[in-house]
Amino acid sequence: MQIYADRLPAAARQLVTDLIVVVWVYLWIRAAAWLHGRVGELADAGRTLQDAGTGLADNLADVGGRVGRVPLVGDELTSPFEQAAGAARSVATAGQQQQDLVADLAVALAVAVLIFPLGLVLFGWLPLRVRWIRRASAAAALRGRPAGQDLLALRALTTRPLAAIAAIDPDVAARWRDGDPQITAALAALELRALGLRASR
């Protein structure tokens with residue numbers, strides 16, 4: 001598999017581009033993680049609320065249990081403590097719900113921040129990079145074979161700029177049809193050069 005070009009300028013350009021993409025992805029992931037952490041800090045208030053509500057509910061329930069043991073009037077005195085404990089549990093539940101909401105918001109914002117930059121990589125850079133690797137790998141496999149030279153020459157005739165083809169020879173098409181090995185090699189080299197590959201390893 002041909003990952004990078006053989007020729008130095010093209011290979012250096014590809015390597016620099018790949019490094020830029022890696023740094024780009026890393027920085028955006030760090031930014032999303034930072035945002036997730038900062039938004040997650042908002043859950044501290046909910047955690048405090050939940051802890052306070054749970055502690056208060058437990059204390060009121062404990063006091064209500066002790067008051068309930070008072071002879072004759074214990075049952076009547078217990079009711080207000082039970083109601084207060086229920087209200088405290090509601091406060092604890094609200095604190096937990098706030099934490100859940102903040103956690104969902106933190107994830108949603110982190111994902112929203114990553115969608116565009118990662119989309120550029122996945123749908124912009126990556127398909128172009130994979131297409132070049134496939135084309136360069138196929139061309140590299142063909143360049144050492146006589147029949148491969150013909151295919152590369154034909155590819156050059158159909159895809160390379162006319163000025164580049166005419167620069168090889170004014171009658172390049174006729175000479176290629178006649179099977180001229182020099183013209184075939186020159187056209188194959190033109191196609192390989194366009195991909196950043198050498199004519200031979």
# chains A, B, ... in the order shown; residues from 1 in each chain; ligands from 1
>>> residues_around(residues="Ala5 of chain A", least_positions_apart="2", cutoff="6 Å", atoms="only C-alpha atoms", output="ChimeraX atom specification")
/A:7,10-11,196-197
>>> write_last_selection(atoms="C-alpha atoms", output="compact mmCIF listing (two decimals), in the first residue's frame")
# COMPACT_ATOMS: atom_id res chain seq x y z
CA ARG A 7 8.93 12.28 -4.53
CA ALA A 10 4.73 15.67 -2.55
CA ALA A 11 5.63 13.37 0.36
CA GLY A 196 4.02 12.00 -6.75
CA LEU A 197 5.57 8.64 -7.66
>>> closest_atom_pairs(of="segment 51-159 of chain A", to="segment 22-38 of chain A", cutoff="8 Å", atoms="only C-alpha atoms", output="CSV")
residue,atom,partner,partner_atom,distance
A:Ala106,CA,A:His36,CA,4.8
A:Val107,CA,A:His36,CA,6.4
A:Leu109,CA,A:His36,CA,7.2
A:Ala110,CA,A:Ala32,CA,4.6
A:Val111,CA,A:Ala32,CA,7.3
A:Val113,CA,A:Ala32,CA,6.2
A:Leu114,CA,A:Trp28,CA,6.5
A:Pro117,CA,A:Trp28,CA,7.2
A:Leu118,CA,A:Val25,CA,6.8
>>> select_by_dssp(residues="segment 169-200 of chain A", states="helix (DSSP H, G or I)", output="JSON, numbers by chain")
{"A": [172, 173, 174, 175, 176, 177, 181, 182, 183, 184, 185, 186, 187, 188, 189, 190, 191, 192, 193, 194]}
>>> residues_around(residues="Gln14 of chain A", least_positions_apart="6", cutoff="10 Å", atoms="only C-alpha atoms", output="ChimeraX atom specification")
/A:3-5,8,20,129
>>> write_last_selection(atoms="C-alpha atoms", output="mmCIF file, in the first residue's frame")
data_model
loop_
_atom_site.group_PDB
_atom_site.id
_atom_site.type_symbol
_atom_site.label_atom_id
_atom_site.label_comp_id
_atom_site.auth_asym_id
_atom_site.auth_seq_id
_atom_site.Cartn_x
_atom_site.Cartn_y
_atom_site.Cartn_z
ATOM 1 C CA ILE A 3 0.753 5.708 1.992
ATOM 2 C CA TYR A 4 3.024 8.559 0.918
ATOM 3 C CA ALA A 5 4.445 9.778 -2.366
ATOM 4 C CA LEU A 8 10.089 14.513 -1.692
ATOM 5 C CA ILE A 20 -1.959 19.339 10.706
ATOM 6 C CA ARG A 129 -6.527 10.896 1.235
#
>>> closest_residue(among="A:Gln83, A:Pro161, A:Ala140, A:Pro146", to="Leu192 of chain A", atoms="only C-alpha atoms")
A:Ala140
>>> closest_residue(among="A:Glu41, A:Arg177, A:Arg160, A:Ile115", to="Ala103 of chain A", atoms="only C-alpha atoms")
A:Glu41
>>> residues_around(residues="Ala136 of chain A", least_positions_apart="2", cutoff="8 Å", atoms="only C-alpha atoms", output="list in words")
Gln2, Ala5, Trp132, Ile133, Arg134, Ala138, Ala139, Ala140, Leu195 and Leu197 of chain A
>>> residues_around(residues="Gln96 of chain A", least_positions_apart="4", cutoff="7 Å", atoms="only C-alpha atoms", output="PyMOL selection string")
chain A and resi 46-47+50+92+100
>>> closest_residue(among="A:Gly55, A:Ala147, A:Phe123, A:Leu187", to="Ile165 of chain A", atoms="only C-alpha atoms")
A:Leu187
>>> residues_around(residues="Ala153 of chain A", least_positions_apart="4", cutoff="9 Å", atoms="only C-alpha atoms", output="PDB file with C-alpha atoms, in the first residue's frame")
ATOM      1  CA  GLY A 148       1.083  -1.756 -16.526  1.00  0.00           C
ATOM      2  CA  GLN A 149       3.133   0.798 -18.436  1.00  0.00           C
ATOM      3  CA  LEU A 157      -3.521  10.337 -22.292  1.00  0.00           C
ATOM      4  CA  THR A 158      -7.057  10.550 -20.932  1.00  0.00           C
ATOM      5  CA  TRP A 176       1.715   5.501 -28.544  1.00  0.00           C
ATOM      6  CA  ILE A 183       6.549   7.312 -25.633  1.00  0.00           C
ATOM      7  CA  THR A 184       4.794   4.699 -23.505  1.00  0.00           C
ATOM      8  CA  ALA A 185       7.427   5.084 -20.785  1.00  0.00           C
ATOM      9  CA  ALA A 186       7.222   8.888 -20.971  1.00  0.00           C
ATOM     10  CA  LEU A 187       3.429   8.867 -20.674  1.00  0.00           C
ATOM     11  CA  ALA A 188       3.576   6.385 -17.790  1.00  0.00           C
ATOM     12  CA  ALA A 189       6.156   8.574 -16.053  1.00  0.00           C
ATOM     13  CA  LEU A 190       3.880  11.589 -16.542  1.00  0.00           C
ATOM     14  CA  GLU A 191       1.002   9.794 -14.828  1.00  0.00           C
TER      15      GLU A 191
END
>>> closest_residue(among="A:Val172, A:Ala108, A:Ala141, A:Leu101", to="Leu154 of chain A", atoms="only C-alpha atoms")
A:Val172
>>> decode(residues="segment 20-171 of chain A", atoms="C-alpha atoms", output="PDB file, in the first residue's frame")
ATOM      1  CA  ILE A  20      -1.959  19.339  10.706  1.00  0.00           C
ATOM      2  CA  VAL A  21      -5.061  17.131  10.610  1.00  0.00           C
ATOM      3  CA  VAL A  22      -3.889  15.153  13.660  1.00  0.00           C
ATOM      4  CA  VAL A  23      -3.187  18.358  15.607  1.00  0.00           C
ATOM      5  CA  TRP A  24      -6.533  19.814  14.452  1.00  0.00           C
ATOM      6  CA  VAL A  25      -8.449  16.771  15.712  1.00  0.00           C
ATOM      7  CA  TYR A  26      -6.482  16.678  18.975  1.00  0.00           C
ATOM      8  CA  LEU A  27      -7.085  20.366  19.721  1.00  0.00           C
ATOM      9  CA  TRP A  28     -10.821  20.119  19.048  1.00  0.00           C
ATOM     10  CA  ILE A  29     -11.117  17.012  21.220  1.00  0.00           C
ATOM     11  CA  ARG A  30      -9.274  18.850  24.003  1.00  0.00           C
ATOM     12  CA  ALA A  31     -11.583  21.849  23.545  1.00  0.00           C
ATOM     13  CA  ALA A  32     -14.656  19.609  23.739  1.00  0.00           C
ATOM     14  CA  ALA A  33     -13.290  17.889  26.859  1.00  0.00           C
ATOM     15  CA  TRP A  34     -12.582  21.275  28.454  1.00  0.00           C
ATOM     16  CA  LEU A  35     -16.108  22.488  27.669  1.00  0.00           C
ATOM     17  CA  HIS A  36     -17.568  19.251  29.037  1.00  0.00           C
ATOM     18  CA  GLY A  37     -15.629  19.732  32.268  1.00  0.00           C
ATOM     19  CA  ARG A  38     -16.611  23.385  32.675  1.00  0.00           C
ATOM     20  CA  VAL A  39     -20.290  22.688  32.074  1.00  0.00           C
ATOM     21  CA  GLY A  40     -20.069  19.667  34.365  1.00  0.00           C
ATOM     22  CA  GLU A  41     -19.010  21.968  37.197  1.00  0.00           C
ATOM     23  CA  LEU A  42     -22.545  23.368  37.171  1.00  0.00           C
ATOM     24  CA  ALA A  43     -23.647  20.033  38.628  1.00  0.00           C
ATOM     25  CA  ASP A  44     -21.898  20.907  41.908  1.00  0.00           C
ATOM     26  CA  ALA A  45     -24.886  22.999  43.001  1.00  0.00           C
ATOM     27  CA  GLY A  46     -27.217  20.086  42.323  1.00  0.00           C
ATOM     28  CA  ARG A  47     -24.926  17.730  44.194  1.00  0.00           C
ATOM     29  CA  THR A  48     -24.885  20.071  47.178  1.00  0.00           C
ATOM     30  CA  LEU A  49     -28.659  20.363  47.011  1.00  0.00           C
ATOM     31  CA  GLN A  50     -29.063  16.594  46.856  1.00  0.00           C
ATOM     32  CA  ASP A  51     -26.698  16.003  49.787  1.00  0.00           C
ATOM     33  CA  ALA A  52     -28.396  18.671  51.886  1.00  0.00           C
ATOM     34  CA  GLY A  53     -31.871  17.355  51.083  1.00  0.00           C
ATOM     35  CA  THR A  54     -30.886  13.755  51.792  1.00  0.00           C
ATOM     36  CA  GLY A  55     -29.168  14.666  55.061  1.00  0.00           C
ATOM     37  CA  LEU A  56     -32.088  16.795  56.205  1.00  0.00           C
ATOM     38  CA  ALA A  57     -34.597  14.070  55.292  1.00  0.00           C
ATOM     39  CA  ASP A  58     -32.623  11.464  57.230  1.00  0.00           C
ATOM     40  CA  ASN A  59     -32.344  13.711  60.280  1.00  0.00           C
ATOM     41  CA  LEU A  60     -36.044  14.596  60.238  1.00  0.00           C
ATOM     42  CA  ALA A  61     -37.006  10.951  59.831  1.00  0.00           C
ATOM     43  CA  ASP A  62     -34.748  10.055  62.759  1.00  0.00           C
ATOM     44  CA  VAL A  63     -36.244  12.807  64.949  1.00  0.00           C
ATOM     45  CA  GLY A  64     -39.749  11.781  63.883  1.00  0.00           C
ATOM     46  CA  GLY A  65     -38.992   8.208  64.892  1.00  0.00           C
ATOM     47  CA  ARG A  66     -37.833   9.302  68.324  1.00  0.00           C
ATOM     48  CA  VAL A  67     -40.806  11.628  68.811  1.00  0.00           C
ATOM     49  CA  GLY A  68     -43.121   8.803  67.777  1.00  0.00           C
ATOM     50  CA  ARG A  69     -42.048   6.880  70.870  1.00  0.00           C
ATOM     51  CA  VAL A  70     -43.456   9.552  73.177  1.00  0.00           C
ATOM     52  CA  PRO A  71     -46.490   8.067  74.948  1.00  0.00           C
ATOM     53  CA  LEU A  72     -49.992   9.256  73.983  1.00  0.00           C
ATOM     54  CA  VAL A  73     -49.033  12.162  71.673  1.00  0.00           C
ATOM     55  CA  GLY A  74     -46.176  10.525  69.745  1.00  0.00           C
ATOM     56  CA  ASP A  75     -48.228   9.683  66.644  1.00  0.00           C
ATOM     57  CA  GLU A  76     -49.602  13.212  66.356  1.00  0.00           C
ATOM     58  CA  LEU A  77     -46.152  14.769  66.721  1.00  0.00           C
ATOM     59  CA  THR A  78     -44.611  12.457  64.102  1.00  0.00           C
ATOM     60  CA  SER A  79     -46.728  13.684  61.181  1.00  0.00           C
ATOM     61  CA  PRO A  80     -45.048  17.127  60.755  1.00  0.00           C
ATOM     62  CA  PHE A  81     -41.600  15.518  60.803  1.00  0.00           C
ATOM     63  CA  GLU A  82     -42.634  12.995  58.150  1.00  0.00           C
ATOM     64  CA  GLN A  83     -44.008  15.766  55.947  1.00  0.00           C
ATOM     65  CA  ALA A  84     -40.836  17.817  56.388  1.00  0.00           C
ATOM     66  CA  ALA A  85     -38.717  14.737  55.586  1.00  0.00           C
ATOM     67  CA  GLY A  86     -40.782  14.203  52.412  1.00  0.00           C
ATOM     68  CA  ALA A  87     -40.196  17.822  51.383  1.00  0.00           C
ATOM     69  CA  ALA A  88     -36.463  17.386  52.013  1.00  0.00           C
ATOM     70  CA  ARG A  89     -36.461  14.260  49.824  1.00  0.00           C
ATOM     71  CA  SER A  90     -38.132  16.313  47.077  1.00  0.00           C
ATOM     72  CA  VAL A  91     -35.280  18.810  47.356  1.00  0.00           C
ATOM     73  CA  ALA A  92     -32.773  15.942  47.065  1.00  0.00           C
ATOM     74  CA  THR A  93     -34.617  14.630  43.984  1.00  0.00           C
ATOM     75  CA  ALA A  94     -34.496  18.110  42.413  1.00  0.00           C
ATOM     76  CA  GLY A  95     -30.746  18.189  43.058  1.00  0.00           C
ATOM     77  CA  GLN A  96     -30.318  14.825  41.328  1.00  0.00           C
ATOM     78  CA  GLN A  97     -32.418  15.976  38.364  1.00  0.00           C
ATOM     79  CA  GLN A  98     -30.273  19.089  38.048  1.00  0.00           C
ATOM     80  CA  GLN A  99     -27.148  16.924  37.960  1.00  0.00           C
ATOM     81  CA  ASP A 100     -28.662  14.718  35.249  1.00  0.00           C
ATOM     82  CA  LEU A 101     -29.656  17.770  33.206  1.00  0.00           C
ATOM     83  CA  VAL A 102     -26.186  19.293  33.485  1.00  0.00           C
ATOM     84  CA  ALA A 103     -24.556  15.979  32.499  1.00  0.00           C
ATOM     85  CA  ASP A 104     -26.773  15.715  29.396  1.00  0.00           C
ATOM     86  CA  LEU A 105     -26.072  19.354  28.508  1.00  0.00           C
ATOM     87  CA  ALA A 106     -22.319  18.866  28.896  1.00  0.00           C
ATOM     88  CA  VAL A 107     -22.354  15.877  26.526  1.00  0.00           C
ATOM     89  CA  ALA A 108     -24.592  17.652  24.000  1.00  0.00           C
ATOM     90  CA  LEU A 109     -22.385  20.747  23.917  1.00  0.00           C
ATOM     91  CA  ALA A 110     -19.195  18.693  23.593  1.00  0.00           C
ATOM     92  CA  VAL A 111     -20.678  16.745  20.681  1.00  0.00           C
ATOM     93  CA  ALA A 112     -21.934  19.957  19.056  1.00  0.00           C
ATOM     94  CA  VAL A 113     -18.449  21.461  19.259  1.00  0.00           C
ATOM     95  CA  LEU A 114     -16.920  18.378  17.591  1.00  0.00           C
ATOM     96  CA  ILE A 115     -19.426  17.937  14.752  1.00  0.00           C
ATOM     97  CA  PHE A 116     -18.056  20.580  12.376  1.00  0.00           C
ATOM     98  CA  PRO A 117     -14.275  20.061  12.765  1.00  0.00           C
ATOM     99  CA  LEU A 118     -14.519  16.269  12.718  1.00  0.00           C
ATOM    100  CA  GLY A 119     -16.979  16.478   9.816  1.00  0.00           C
ATOM    101  CA  LEU A 120     -14.358  18.394   7.816  1.00  0.00           C
ATOM    102  CA  VAL A 121     -11.861  15.610   8.473  1.00  0.00           C
ATOM    103  CA  LEU A 122     -14.220  12.674   7.869  1.00  0.00           C
ATOM    104  CA  PHE A 123     -15.997  14.057   4.799  1.00  0.00           C
ATOM    105  CA  GLY A 124     -13.352  16.403   3.390  1.00  0.00           C
ATOM    106  CA  TRP A 125      -9.768  15.329   4.023  1.00  0.00           C
ATOM    107  CA  LEU A 126     -10.194  11.570   4.612  1.00  0.00           C
ATOM    108  CA  PRO A 127     -11.973  10.678   1.318  1.00  0.00           C
ATOM    109  CA  LEU A 128      -9.342  12.601  -0.673  1.00  0.00           C
ATOM    110  CA  ARG A 129      -6.527  10.896   1.235  1.00  0.00           C
ATOM    111  CA  VAL A 130      -8.033   7.425   0.779  1.00  0.00           C
ATOM    112  CA  ARG A 131      -8.634   8.077  -2.922  1.00  0.00           C
ATOM    113  CA  TRP A 132      -5.003   9.104  -3.418  1.00  0.00           C
ATOM    114  CA  ILE A 133      -3.769   6.013  -1.531  1.00  0.00           C
ATOM    115  CA  ARG A 134      -5.902   3.732  -3.710  1.00  0.00           C
ATOM    116  CA  ARG A 135      -4.817   5.398  -6.955  1.00  0.00           C
ATOM    117  CA  ALA A 136      -1.144   5.572  -5.958  1.00  0.00           C
ATOM    118  CA  SER A 137      -1.125   1.958  -4.742  1.00  0.00           C
ATOM    119  CA  ALA A 138      -2.621   0.763  -8.033  1.00  0.00           C
ATOM    120  CA  ALA A 139      -0.175   2.869 -10.062  1.00  0.00           C
ATOM    121  CA  ALA A 140       2.792   1.666  -7.992  1.00  0.00           C
ATOM    122  CA  ALA A 141       1.763  -1.941  -8.590  1.00  0.00           C
ATOM    123  CA  LEU A 142       1.508  -1.326 -12.348  1.00  0.00           C
ATOM    124  CA  ARG A 143       4.728   0.607 -12.938  1.00  0.00           C
ATOM    125  CA  GLY A 144       7.006  -2.429 -12.910  1.00  0.00           C
ATOM    126  CA  ARG A 145       4.977  -4.410 -15.463  1.00  0.00           C
ATOM    127  CA  PRO A 146       5.046  -3.953 -19.250  1.00  0.00           C
ATOM    128  CA  ALA A 147       1.258  -4.118 -19.469  1.00  0.00           C
ATOM    129  CA  GLY A 148       1.083  -1.756 -16.526  1.00  0.00           C
ATOM    130  CA  GLN A 149       3.133   0.798 -18.436  1.00  0.00           C
ATOM    131  CA  ASP A 150       0.546   0.714 -21.214  1.00  0.00           C
ATOM    132  CA  LEU A 151      -2.283   1.251 -18.758  1.00  0.00           C
ATOM    133  CA  LEU A 152      -0.483   4.139 -17.090  1.00  0.00           C
ATOM    134  CA  ALA A 153       0.235   5.678 -20.487  1.00  0.00           C
ATOM    135  CA  LEU A 154      -3.437   5.354 -21.454  1.00  0.00           C
ATOM    136  CA  ARG A 155      -4.452   6.923 -18.165  1.00  0.00           C
ATOM    137  CA  ALA A 156      -2.093   9.835 -18.792  1.00  0.00           C
ATOM    138  CA  LEU A 157      -3.521  10.337 -22.292  1.00  0.00           C
ATOM    139  CA  THR A 158      -7.057  10.550 -20.932  1.00  0.00           C
ATOM    140  CA  THR A 159      -6.546  12.539 -17.726  1.00  0.00           C
ATOM    141  CA  ARG A 160      -3.397  14.681 -17.921  1.00  0.00           C
ATOM    142  CA  PRO A 161      -3.455  18.251 -19.303  1.00  0.00           C
ATOM    143  CA  LEU A 162      -3.036  18.486 -23.072  1.00  0.00           C
ATOM    144  CA  ALA A 163      -0.051  20.810 -22.748  1.00  0.00           C
ATOM    145  CA  ALA A 164       1.817  18.266 -20.611  1.00  0.00           C
ATOM    146  CA  ILE A 165       1.037  15.476 -23.093  1.00  0.00           C
ATOM    147  CA  ALA A 166       2.023  17.536 -26.137  1.00  0.00           C
ATOM    148  CA  ALA A 167       5.300  18.475 -24.446  1.00  0.00           C
ATOM    149  CA  ILE A 168       6.370  14.828 -24.639  1.00  0.00           C
ATOM    150  CA  ASP A 169       6.075  14.687 -28.430  1.00  0.00           C
ATOM    151  CA  PRO A 170       3.959  16.551 -31.012  1.00  0.00           C
ATOM    152  CA  ASP A 171       2.731  13.218 -32.386  1.00  0.00           C
TER     153      ASP A 171
END
